[in-house]
>>> print(open('model19.txt').read())   # compact mmCIF, N, CA and C atoms
# COMPACT_ATOMS: atom_id res chain seq x y z
N MET A 27 119.01 86.77 112.58
CA MET A 27 118.74 85.44 112.08
C MET A 27 120.07 84.83 111.66
N HIS A 28 120.29 83.60 112.06
CA HIS A 28 121.54 82.92 111.77
C HIS A 28 121.26 81.77 110.81
N MET A 29 122.02 81.70 109.74
CA MET A 29 121.81 80.63 108.76
C MET A 29 122.94 79.62 108.86
N ASN A 30 122.62 78.36 108.85
CA ASN A 30 123.60 77.30 108.96
C ASN A 30 123.88 76.69 107.59
N ILE A 31 124.27 77.50 106.66
CA ILE A 31 124.58 77.02 105.32
C ILE A 31 126.06 77.25 105.07
N ASN A 32 126.74 76.19 104.74
CA ASN A 32 128.15 76.30 104.41
C ASN A 32 128.24 76.59 102.91
N LEU A 33 128.66 77.78 102.56
CA LEU A 33 128.70 78.19 101.16
C LEU A 33 129.75 77.45 100.34
N THR A 34 130.71 76.83 101.00
CA THR A 34 131.74 76.10 100.26
C THR A 34 131.35 74.64 100.04
N SER A 35 130.24 74.24 100.58
CA SER A 35 129.78 72.86 100.43
C SER A 35 129.43 72.57 98.97
N PRO A 36 129.84 71.41 98.43
CA PRO A 36 129.51 71.09 97.04
C PRO A 36 128.01 70.89 96.83
N HIS A 37 127.31 70.45 97.85
CA HIS A 37 125.86 70.26 97.70
C HIS A 37 125.14 71.59 97.56
N HIS A 38 125.62 72.59 98.27
CA HIS A 38 124.98 73.90 98.21
C HIS A 38 125.15 74.51 96.82
N SER A 39 126.31 74.42 96.25
CA SER A 39 126.54 75.05 94.95
C SER A 39 125.74 74.34 93.85
N GLN A 40 125.57 73.02 93.94
CA GLN A 40 124.76 72.31 92.95
C GLN A 40 123.30 72.71 93.09
N ALA A 41 122.83 72.81 94.30
CA ALA A 41 121.43 73.18 94.51
C ALA A 41 121.17 74.61 94.03
N ALA A 42 122.13 75.48 94.25
CA ALA A 42 121.96 76.87 93.82
C ALA A 42 121.92 76.98 92.31
N ARG A 43 122.68 76.16 91.61
CA ARG A 43 122.67 76.20 90.15
C ARG A 43 121.37 75.63 89.60
N LYS A 44 120.82 74.62 90.24
CA LYS A 44 119.61 73.98 89.74
C LYS A 44 118.35 74.78 90.06
N LEU A 45 118.38 75.55 91.13
CA LEU A 45 117.21 76.28 91.57
C LEU A 45 116.94 77.46 90.65
N LYS A 46 115.75 77.50 90.06
CA LYS A 46 115.37 78.60 89.20
C LYS A 46 114.12 79.22 89.80
N ILE A 47 114.23 80.44 90.24
CA ILE A 47 113.12 81.13 90.87
C ILE A 47 112.45 81.99 89.80
N THR A 48 111.15 81.78 89.63
CA THR A 48 110.39 82.57 88.65
C THR A 48 109.18 83.17 89.34
N THR A 49 108.74 84.28 88.80
CA THR A 49 107.51 84.89 89.29
C THR A 49 106.35 84.34 88.48
N TRP A 50 105.13 84.60 88.91
CA TRP A 50 103.98 84.07 88.19
C TRP A 50 103.85 84.71 86.81
N LYS A 51 104.44 85.89 86.60
CA LYS A 51 104.36 86.52 85.29
C LYS A 51 105.25 85.81 84.27
N GLU A 52 106.32 85.18 84.75
CA GLU A 52 107.25 84.52 83.84
C GLU A 52 106.84 83.09 83.50
N GLU A 53 105.94 82.53 84.28
CA GLU A 53 105.56 81.15 84.04
C GLU A 53 104.79 81.03 82.74
N SER A 54 104.97 79.91 82.09
CA SER A 54 104.26 79.71 80.84
C SER A 54 102.89 79.13 81.11
N MET A 55 101.99 79.38 80.19
CA MET A 55 100.63 78.91 80.31
C MET A 55 100.46 77.70 79.40
N ASP A 56 99.69 76.73 79.85
CA ASP A 56 99.40 75.57 79.02
C ASP A 56 98.37 75.95 77.97
N ILE A 57 98.66 75.60 76.73
CA ILE A 57 97.71 75.79 75.65
C ILE A 57 97.43 74.41 75.07
N LEU A 58 96.22 73.93 75.28
CA LEU A 58 95.82 72.62 74.81
C LEU A 58 94.96 72.79 73.57
N ILE A 59 95.40 72.20 72.46
CA ILE A 59 94.69 72.33 71.19
C ILE A 59 94.12 70.98 70.81
N ARG A 60 92.81 70.96 70.55
CA ARG A 60 92.15 69.74 70.13
C ARG A 60 91.42 70.02 68.82
N SER A 61 91.64 69.18 67.82
CA SER A 61 90.99 69.41 66.53
C SER A 61 90.23 68.15 66.11
N GLU A 62 89.04 68.37 65.56
CA GLU A 62 88.21 67.29 65.06
C GLU A 62 87.81 67.63 63.62
N GLY A 63 88.20 66.78 62.69
CA GLY A 63 87.87 67.01 61.29
C GLY A 63 88.77 68.01 60.61
N ILE A 64 89.80 68.45 61.30
CA ILE A 64 90.76 69.43 60.76
C ILE A 64 92.16 68.89 61.01
N GLU A 65 93.01 69.01 60.01
CA GLU A 65 94.41 68.63 60.22
C GLU A 65 95.11 69.78 60.94
N LEU A 66 95.73 69.47 62.05
CA LEU A 66 96.40 70.49 62.86
C LEU A 66 97.80 70.70 62.28
N THR A 67 97.92 71.66 61.40
CA THR A 67 99.20 71.95 60.76
C THR A 67 100.05 72.83 61.68
N GLU A 68 101.31 72.96 61.34
CA GLU A 68 102.22 73.81 62.12
C GLU A 68 101.79 75.27 62.02
N ARG A 69 101.30 75.67 60.86
CA ARG A 69 100.83 77.05 60.66
C ARG A 69 99.65 77.36 61.57
N LEU A 70 98.72 76.42 61.68
CA LEU A 70 97.55 76.60 62.54
C LEU A 70 97.96 76.62 64.01
N ARG A 71 98.87 75.75 64.38
CA ARG A 71 99.36 75.69 65.76
C ARG A 71 100.06 77.01 66.14
N GLU A 72 100.89 77.54 65.25
CA GLU A 72 101.57 78.81 65.52
C GLU A 72 100.59 79.97 65.62
N ALA A 73 99.55 79.94 64.77
CA ALA A 73 98.53 81.00 64.82
C ALA A 73 97.81 80.98 66.17
N VAL A 74 97.45 79.80 66.64
CA VAL A 74 96.77 79.68 67.93
C VAL A 74 97.68 80.17 69.05
N ASN A 75 98.94 79.76 69.05
CA ASN A 75 99.88 80.20 70.10
C ASN A 75 100.08 81.71 70.07
N ARG A 76 100.16 82.29 68.88
CA ARG A 76 100.36 83.74 68.76
C ARG A 76 99.13 84.49 69.27
N LYS A 77 97.94 84.03 68.90
CA LYS A 77 96.71 84.71 69.32
C LYS A 77 96.49 84.59 70.83
N ILE A 78 96.71 83.42 71.38
CA ILE A 78 96.55 83.23 72.82
C ILE A 78 97.59 84.05 73.57
N GLY A 79 98.80 84.14 73.03
CA GLY A 79 99.84 84.95 73.65
C GLY A 79 99.46 86.42 73.70
N ARG A 80 98.75 86.88 72.68
CA ARG A 80 98.31 88.27 72.64
C ARG A 80 97.28 88.55 73.74
N VAL A 81 96.42 87.59 73.99
CA VAL A 81 95.38 87.74 75.01
C VAL A 81 95.97 87.68 76.41
N ARG A 82 97.12 87.06 76.56
CA ARG A 82 97.73 86.82 77.88
C ARG A 82 98.00 88.11 78.64
N ARG A 83 98.17 89.24 77.97
CA ARG A 83 98.47 90.48 78.69
C ARG A 83 97.31 90.94 79.57
N TYR A 84 96.08 90.49 79.26
CA TYR A 84 94.93 90.88 80.08
C TYR A 84 94.68 89.92 81.23
N ALA A 85 95.25 88.73 81.17
CA ALA A 85 95.10 87.77 82.26
C ALA A 85 96.43 87.04 82.44
N PRO A 86 97.42 87.70 83.04
CA PRO A 86 98.74 87.08 83.17
C PRO A 86 98.77 85.88 84.12
N ARG A 87 97.76 85.76 84.98
CA ARG A 87 97.73 84.64 85.92
C ARG A 87 96.95 83.46 85.37
N ALA A 88 96.63 83.48 84.10
CA ALA A 88 95.87 82.38 83.50
C ALA A 88 96.67 81.09 83.59
N MET A 89 95.97 80.02 83.88
CA MET A 89 96.62 78.73 84.05
C MET A 89 96.65 77.93 82.75
N ARG A 90 95.56 78.00 82.00
CA ARG A 90 95.45 77.12 80.84
C ARG A 90 94.44 77.70 79.86
N ALA A 91 94.68 77.43 78.59
CA ALA A 91 93.71 77.77 77.54
C ALA A 91 93.44 76.49 76.76
N ARG A 92 92.17 76.12 76.68
CA ARG A 92 91.77 74.94 75.92
C ARG A 92 91.14 75.43 74.62
N VAL A 93 91.74 75.03 73.50
CA VAL A 93 91.26 75.45 72.19
C VAL A 93 90.70 74.23 71.48
N GLN A 94 89.46 74.31 71.02
CA GLN A 94 88.84 73.23 70.26
C GLN A 94 88.53 73.75 68.87
N LEU A 95 89.00 73.03 67.87
CA LEU A 95 88.73 73.37 66.48
C LEU A 95 87.94 72.24 65.86
N ASN A 96 86.75 72.55 65.34
CA ASN A 96 85.87 71.54 64.76
C ASN A 96 85.45 71.94 63.36
N ARG A 97 85.22 70.94 62.55
CA ARG A 97 84.60 71.18 61.25
C ARG A 97 83.10 71.03 61.48
N VAL A 98 82.32 72.04 61.09
CA VAL A 98 80.88 72.05 61.33
C VAL A 98 80.17 71.37 60.17
N ASN A 99 79.29 70.45 60.51
CA ASN A 99 78.48 69.79 59.49
C ASN A 99 77.19 70.58 59.31
N SER A 100 77.19 71.46 58.34
CA SER A 100 76.01 72.28 58.08
C SER A 100 75.78 72.32 56.58
N ASN A 101 74.77 73.05 56.17
CA ASN A 101 74.47 73.18 54.75
C ASN A 101 75.54 74.00 54.02
N LEU A 102 76.19 74.88 54.74
CA LEU A 102 77.24 75.70 54.14
C LEU A 102 78.55 74.91 54.09
N PRO A 103 79.24 74.93 52.96
CA PRO A 103 80.50 74.18 52.88
C PRO A 103 81.62 74.89 53.64
N HIS A 104 82.53 74.10 54.15
CA HIS A 104 83.75 74.60 54.79
C HIS A 104 83.48 75.59 55.92
N GLN A 105 82.75 75.15 56.91
CA GLN A 105 82.54 75.96 58.11
C GLN A 105 83.35 75.35 59.25
N PHE A 106 84.07 76.19 59.97
CA PHE A 106 84.91 75.74 61.07
C PHE A 106 84.54 76.50 62.33
N ARG A 107 84.51 75.78 63.44
CA ARG A 107 84.17 76.39 64.72
C ARG A 107 85.41 76.36 65.61
N ALA A 108 85.67 77.48 66.25
CA ALA A 108 86.75 77.57 67.23
C ALA A 108 86.12 77.91 68.58
N ARG A 109 86.51 77.19 69.59
CA ARG A 109 86.01 77.41 70.94
C ARG A 109 87.21 77.50 71.87
N ILE A 110 87.27 78.55 72.67
CA ILE A 110 88.37 78.74 73.60
C ILE A 110 87.81 78.80 75.01
N HIS A 111 88.39 77.99 75.88
CA HIS A 111 88.05 77.97 77.30
C HIS A 111 89.30 78.46 78.04
N TYR A 112 89.23 79.66 78.57
CA TYR A 112 90.37 80.31 79.22
C TYR A 112 90.22 80.12 80.72
N GLU A 113 91.10 79.33 81.33
CA GLU A 113 91.02 79.04 82.76
C GLU A 113 91.86 80.05 83.54
N ILE A 114 91.17 80.86 84.33
CA ILE A 114 91.83 81.88 85.13
C ILE A 114 91.26 81.81 86.54
N PRO A 115 91.96 82.37 87.53
CA PRO A 115 91.40 82.38 88.88
C PRO A 115 90.05 83.12 88.90
N GLY A 116 89.08 82.52 89.53
CA GLY A 116 87.73 83.08 89.50
C GLY A 116 86.92 82.36 88.44
N ASN A 117 86.01 83.06 87.82
CA ASN A 117 85.19 82.47 86.77
C ASN A 117 85.98 82.36 85.47
N ASP A 118 85.89 81.20 84.83
CA ASP A 118 86.56 81.00 83.55
C ASP A 118 85.86 81.79 82.46
N VAL A 119 86.58 82.04 81.37
CA VAL A 119 86.03 82.77 80.24
C VAL A 119 85.98 81.81 79.06
N VAL A 120 84.79 81.71 78.44
CA VAL A 120 84.59 80.81 77.31
C VAL A 120 83.98 81.59 76.16
N ALA A 121 84.47 81.35 74.95
CA ALA A 121 83.90 81.99 73.76
C ALA A 121 83.98 81.01 72.60
N GLU A 122 83.08 81.21 71.64
CA GLU A 122 82.99 80.33 70.48
C GLU A 122 82.61 81.16 69.27
N HIS A 123 83.18 80.79 68.11
CA HIS A 123 82.84 81.48 66.86
C HIS A 123 83.01 80.54 65.69
N THR A 124 82.23 80.77 64.64
CA THR A 124 82.28 79.96 63.43
C THR A 124 82.70 80.85 62.27
N ALA A 125 83.56 80.31 61.38
CA ALA A 125 84.02 81.07 60.22
C ALA A 125 84.34 80.10 59.08
N HIS A 126 84.68 80.66 57.94
CA HIS A 126 84.98 79.86 56.75
C HIS A 126 86.37 79.24 56.78
N ASP A 127 87.23 79.73 57.66
CA ASP A 127 88.62 79.28 57.74
C ASP A 127 88.95 79.06 59.21
N PRO A 128 89.68 77.99 59.56
CA PRO A 128 89.99 77.77 60.98
C PRO A 128 90.80 78.91 61.60
N ILE A 129 91.73 79.48 60.86
CA ILE A 129 92.53 80.58 61.41
C ILE A 129 91.67 81.82 61.62
N ALA A 130 90.74 82.07 60.70
CA ALA A 130 89.83 83.20 60.87
C ALA A 130 88.93 82.98 62.09
N ALA A 131 88.47 81.75 62.29
CA ALA A 131 87.64 81.45 63.46
C ALA A 131 88.41 81.67 64.75
N VAL A 132 89.68 81.25 64.77
CA VAL A 132 90.52 81.46 65.96
C VAL A 132 90.74 82.95 66.20
N ASP A 133 90.96 83.70 65.12
CA ASP A 133 91.16 85.14 65.24
C ASP A 133 89.93 85.83 65.83
N LEU A 134 88.76 85.48 65.34
CA LEU A 134 87.53 86.10 65.82
C LEU A 134 87.21 85.73 67.27
N VAL A 135 87.41 84.46 67.61
CA VAL A 135 87.12 84.04 68.99
C VAL A 135 88.14 84.62 69.96
N THR A 136 89.36 84.83 69.50
CA THR A 136 90.38 85.46 70.35
C THR A 136 90.01 86.92 70.62
N ASP A 137 89.46 87.60 69.61
CA ASP A 137 89.00 88.98 69.82
C ASP A 137 87.89 89.02 70.87
N LYS A 138 86.98 88.05 70.83
CA LYS A 138 85.92 87.99 71.84
C LYS A 138 86.50 87.80 73.24
N ILE A 139 87.42 86.85 73.35
CA ILE A 139 88.04 86.58 74.66
C ILE A 139 88.79 87.83 75.15
N GLU A 140 89.50 88.48 74.23
CA GLU A 140 90.27 89.67 74.60
C GLU A 140 89.36 90.78 75.11
N ARG A 141 88.22 91.00 74.46
CA ARG A 141 87.27 92.02 74.92
C ARG A 141 86.75 91.68 76.31
N ARG A 142 86.38 90.41 76.52
CA ARG A 142 85.84 90.01 77.81
C ARG A 142 86.87 90.15 78.93
N LEU A 143 88.12 89.76 78.63
CA LEU A 143 89.16 89.87 79.65
C LEU A 143 89.51 91.32 79.94
N ARG A 144 89.50 92.16 78.90
CA ARG A 144 89.79 93.58 79.10
C ARG A 144 88.70 94.22 79.97
N ARG A 145 87.44 93.86 79.70
CA ARG A 145 86.33 94.39 80.49
C ARG A 145 86.45 93.92 81.95
N ARG A 146 86.82 92.66 82.12
CA ARG A 146 86.97 92.10 83.46
C ARG A 146 88.11 92.78 84.23
N LYS A 147 89.23 93.01 83.53
CA LYS A 147 90.38 93.64 84.18
C LYS A 147 90.06 95.09 84.54
N THR A 148 89.37 95.81 83.64
CA THR A 148 89.00 97.20 83.91
C THR A 148 88.07 97.28 85.11
N ALA A 149 87.10 96.38 85.18
CA ALA A 149 86.18 96.37 86.32
C ALA A 149 86.91 96.07 87.62
N ARG A 150 87.86 95.13 87.58
CA ARG A 150 88.62 94.79 88.77
C ARG A 150 89.47 95.97 89.25
N LEU A 151 90.12 96.66 88.30
CA LEU A 151 90.94 97.82 88.67
C LEU A 151 90.08 98.96 89.19
N ALA A 152 88.91 99.17 88.60
CA ALA A 152 88.01 100.22 89.08
C ALA A 152 87.53 99.91 90.49
N ARG A 153 87.26 98.65 90.76
CA ARG A 153 86.84 98.25 92.11
C ARG A 153 87.96 98.50 93.11
N ARG A 154 89.20 98.21 92.70
CA ARG A 154 90.33 98.42 93.60
C ARG A 154 90.55 99.91 93.87
N VAL A 155 90.39 100.74 92.85
CA VAL A 155 90.56 102.18 93.02
C VAL A 155 89.47 102.72 93.94
N ARG A 156 88.24 102.22 93.77
CA ARG A 156 87.13 102.66 94.61
C ARG A 156 87.40 102.32 96.08
N ILE A 157 87.94 101.14 96.32
CA ILE A 157 88.26 100.72 97.69
C ILE A 157 89.40 101.56 98.25
N ASP A 158 90.42 101.83 97.43
CA ASP A 158 91.56 102.63 97.88
C ASP A 158 91.17 104.06 98.21
N ARG A 159 90.20 104.60 97.50
CA ARG A 159 89.78 105.97 97.76
C ARG A 159 89.05 106.09 99.10
N THR A 160 88.30 105.08 99.46
CA THR A 160 87.55 105.15 100.72
C THR A 160 88.40 104.75 101.91
N ALA A 161 89.41 103.94 101.72
CA ALA A 161 90.22 103.44 102.84
C ALA A 161 90.98 104.55 103.56
N PRO A 162 91.67 105.50 102.90
CA PRO A 162 92.40 106.53 103.64
C PRO A 162 91.50 107.40 104.51
N ASP A 163 90.27 107.70 104.06
CA ASP A 163 89.36 108.51 104.86
C ASP A 163 88.99 107.80 106.15
N ARG A 164 88.72 106.52 106.02
CA ARG A 164 88.38 105.74 107.18
C ARG A 164 89.57 105.68 108.15
N TRP A 165 90.76 105.46 107.62
CA TRP A 165 91.96 105.38 108.44
C TRP A 165 92.24 106.73 109.11
N HIS A 166 92.05 107.81 108.37
CA HIS A 166 92.28 109.15 108.93
C HIS A 166 91.30 109.43 110.07
N ALA A 167 90.06 109.02 109.90
CA ALA A 167 89.05 109.23 110.95
C ALA A 167 89.40 108.43 112.21
N LEU A 168 89.94 107.23 112.04
CA LEU A 168 90.28 106.41 113.19
C LEU A 168 91.50 106.96 113.93
N THR A 169 92.49 107.48 113.19
CA THR A 169 93.73 107.95 113.84
C THR A 169 93.54 109.31 114.49
N CYS A 170 92.65 110.13 113.96
CA CYS A 170 92.47 111.47 114.51
C CYS A 170 91.49 111.50 115.67
N ALA A 171 90.72 110.47 115.86
CA ALA A 171 89.70 110.47 116.92
C ALA A 171 90.28 110.20 118.28
>>> encode(input="model19.txt", output="structure tokens")
Amino acid sequence: MHMNINLTSPHHSQAARKLKITTWKEESMDILIRSEGIELTERLREAVNRKIGRVRRYAPRAMRARVQLNRVNSNLPHQFRARIHYEIPGNDVVAEHTAHDPIAAVDLVTDKIERRLRRRKTARLARRVRIDRTAPDRWHALTCA
């Protein structure tokens, strides 16, 4: 293969400096936070980012996480609802939880999401192992026949 790139060209060196190649693991995920009836403080925003970042290890290809924080109008005072919609390839994962504190609600709903994603990842890996175990036998039968 012959490449027609002049390495001394000023255009080539500028393009090479500007080009940043990243893998899908390095890309950042969008975290959209929406709050109703709650002031979105820096502490709350950092807590949401930290919790969502912890969940990211089970779904590294996730595109976006939508976090909704609401104040619940119920008979109990100071109830907050956190709802997370995790957009990943395939079926999205959604969880919701209510607690006395918005950070506690985010913590509990993140645990739910983490359990669901861990279960999903384990099932996917088990399916892949099952397929890999049967594939060599089939290949061996075809090559030896």
>>> atom_distance(input="model19.txt", atom1="atom C of A:Ala131", atom2="atom N of A:Val98")
12.0 Å
>>> atom_distance(input="model19.txt", atom1="atom CA of A:Ile57", atom2="atom CA of A:Val119")
14.4 Å
>>> atom_distance(input="model19.txt", atom1="atom N of A:Leu58", atom2="atom C of A:Ala130")
17.6 Å
>>> closest_atom_pairs(input="model19.txt", of="stretch 67-115 of chain A", to="stretch 143-153 of chain A", cutoff="8 Å", atoms="all atoms listed in the file", output="tab-separated table")
residue	atom	partner	partner_atom	distance
A:Val81	C	A:Leu143	CA	7.9
A:Arg83	C	A:Leu143	C	7.8
A:Tyr84	CA	A:Leu143	C	5.4
A:Ala85	N	A:Leu143	CA	6.4
>>> residues_near_point(input="model19.txt", point="(97.3, 78.4, 84.2)", cutoff="7 Å", atoms="only N, CA and C atoms", output="list of chain:residue names")
A:Ser54, A:Met55, A:Asp56, A:Arg87, A:Ala88, A:Met89, A:Arg90, A:Ala91, A:Glu113, A:Ile114
>>> select_by_dssp(input="model19.txt", residues="stretch 54-160 of chain A", states="strand (DSSP E)", output="PyMOL selection string")
chain A and resi 56-62+90-98+105-113+119-125
>>> closest_residue(input="model19.txt", among="A:Arg107, A:Arg92, A:Arg141, A:Arg80", to="A:Pro128", atoms="only N, CA and C atoms")
A:Arg107
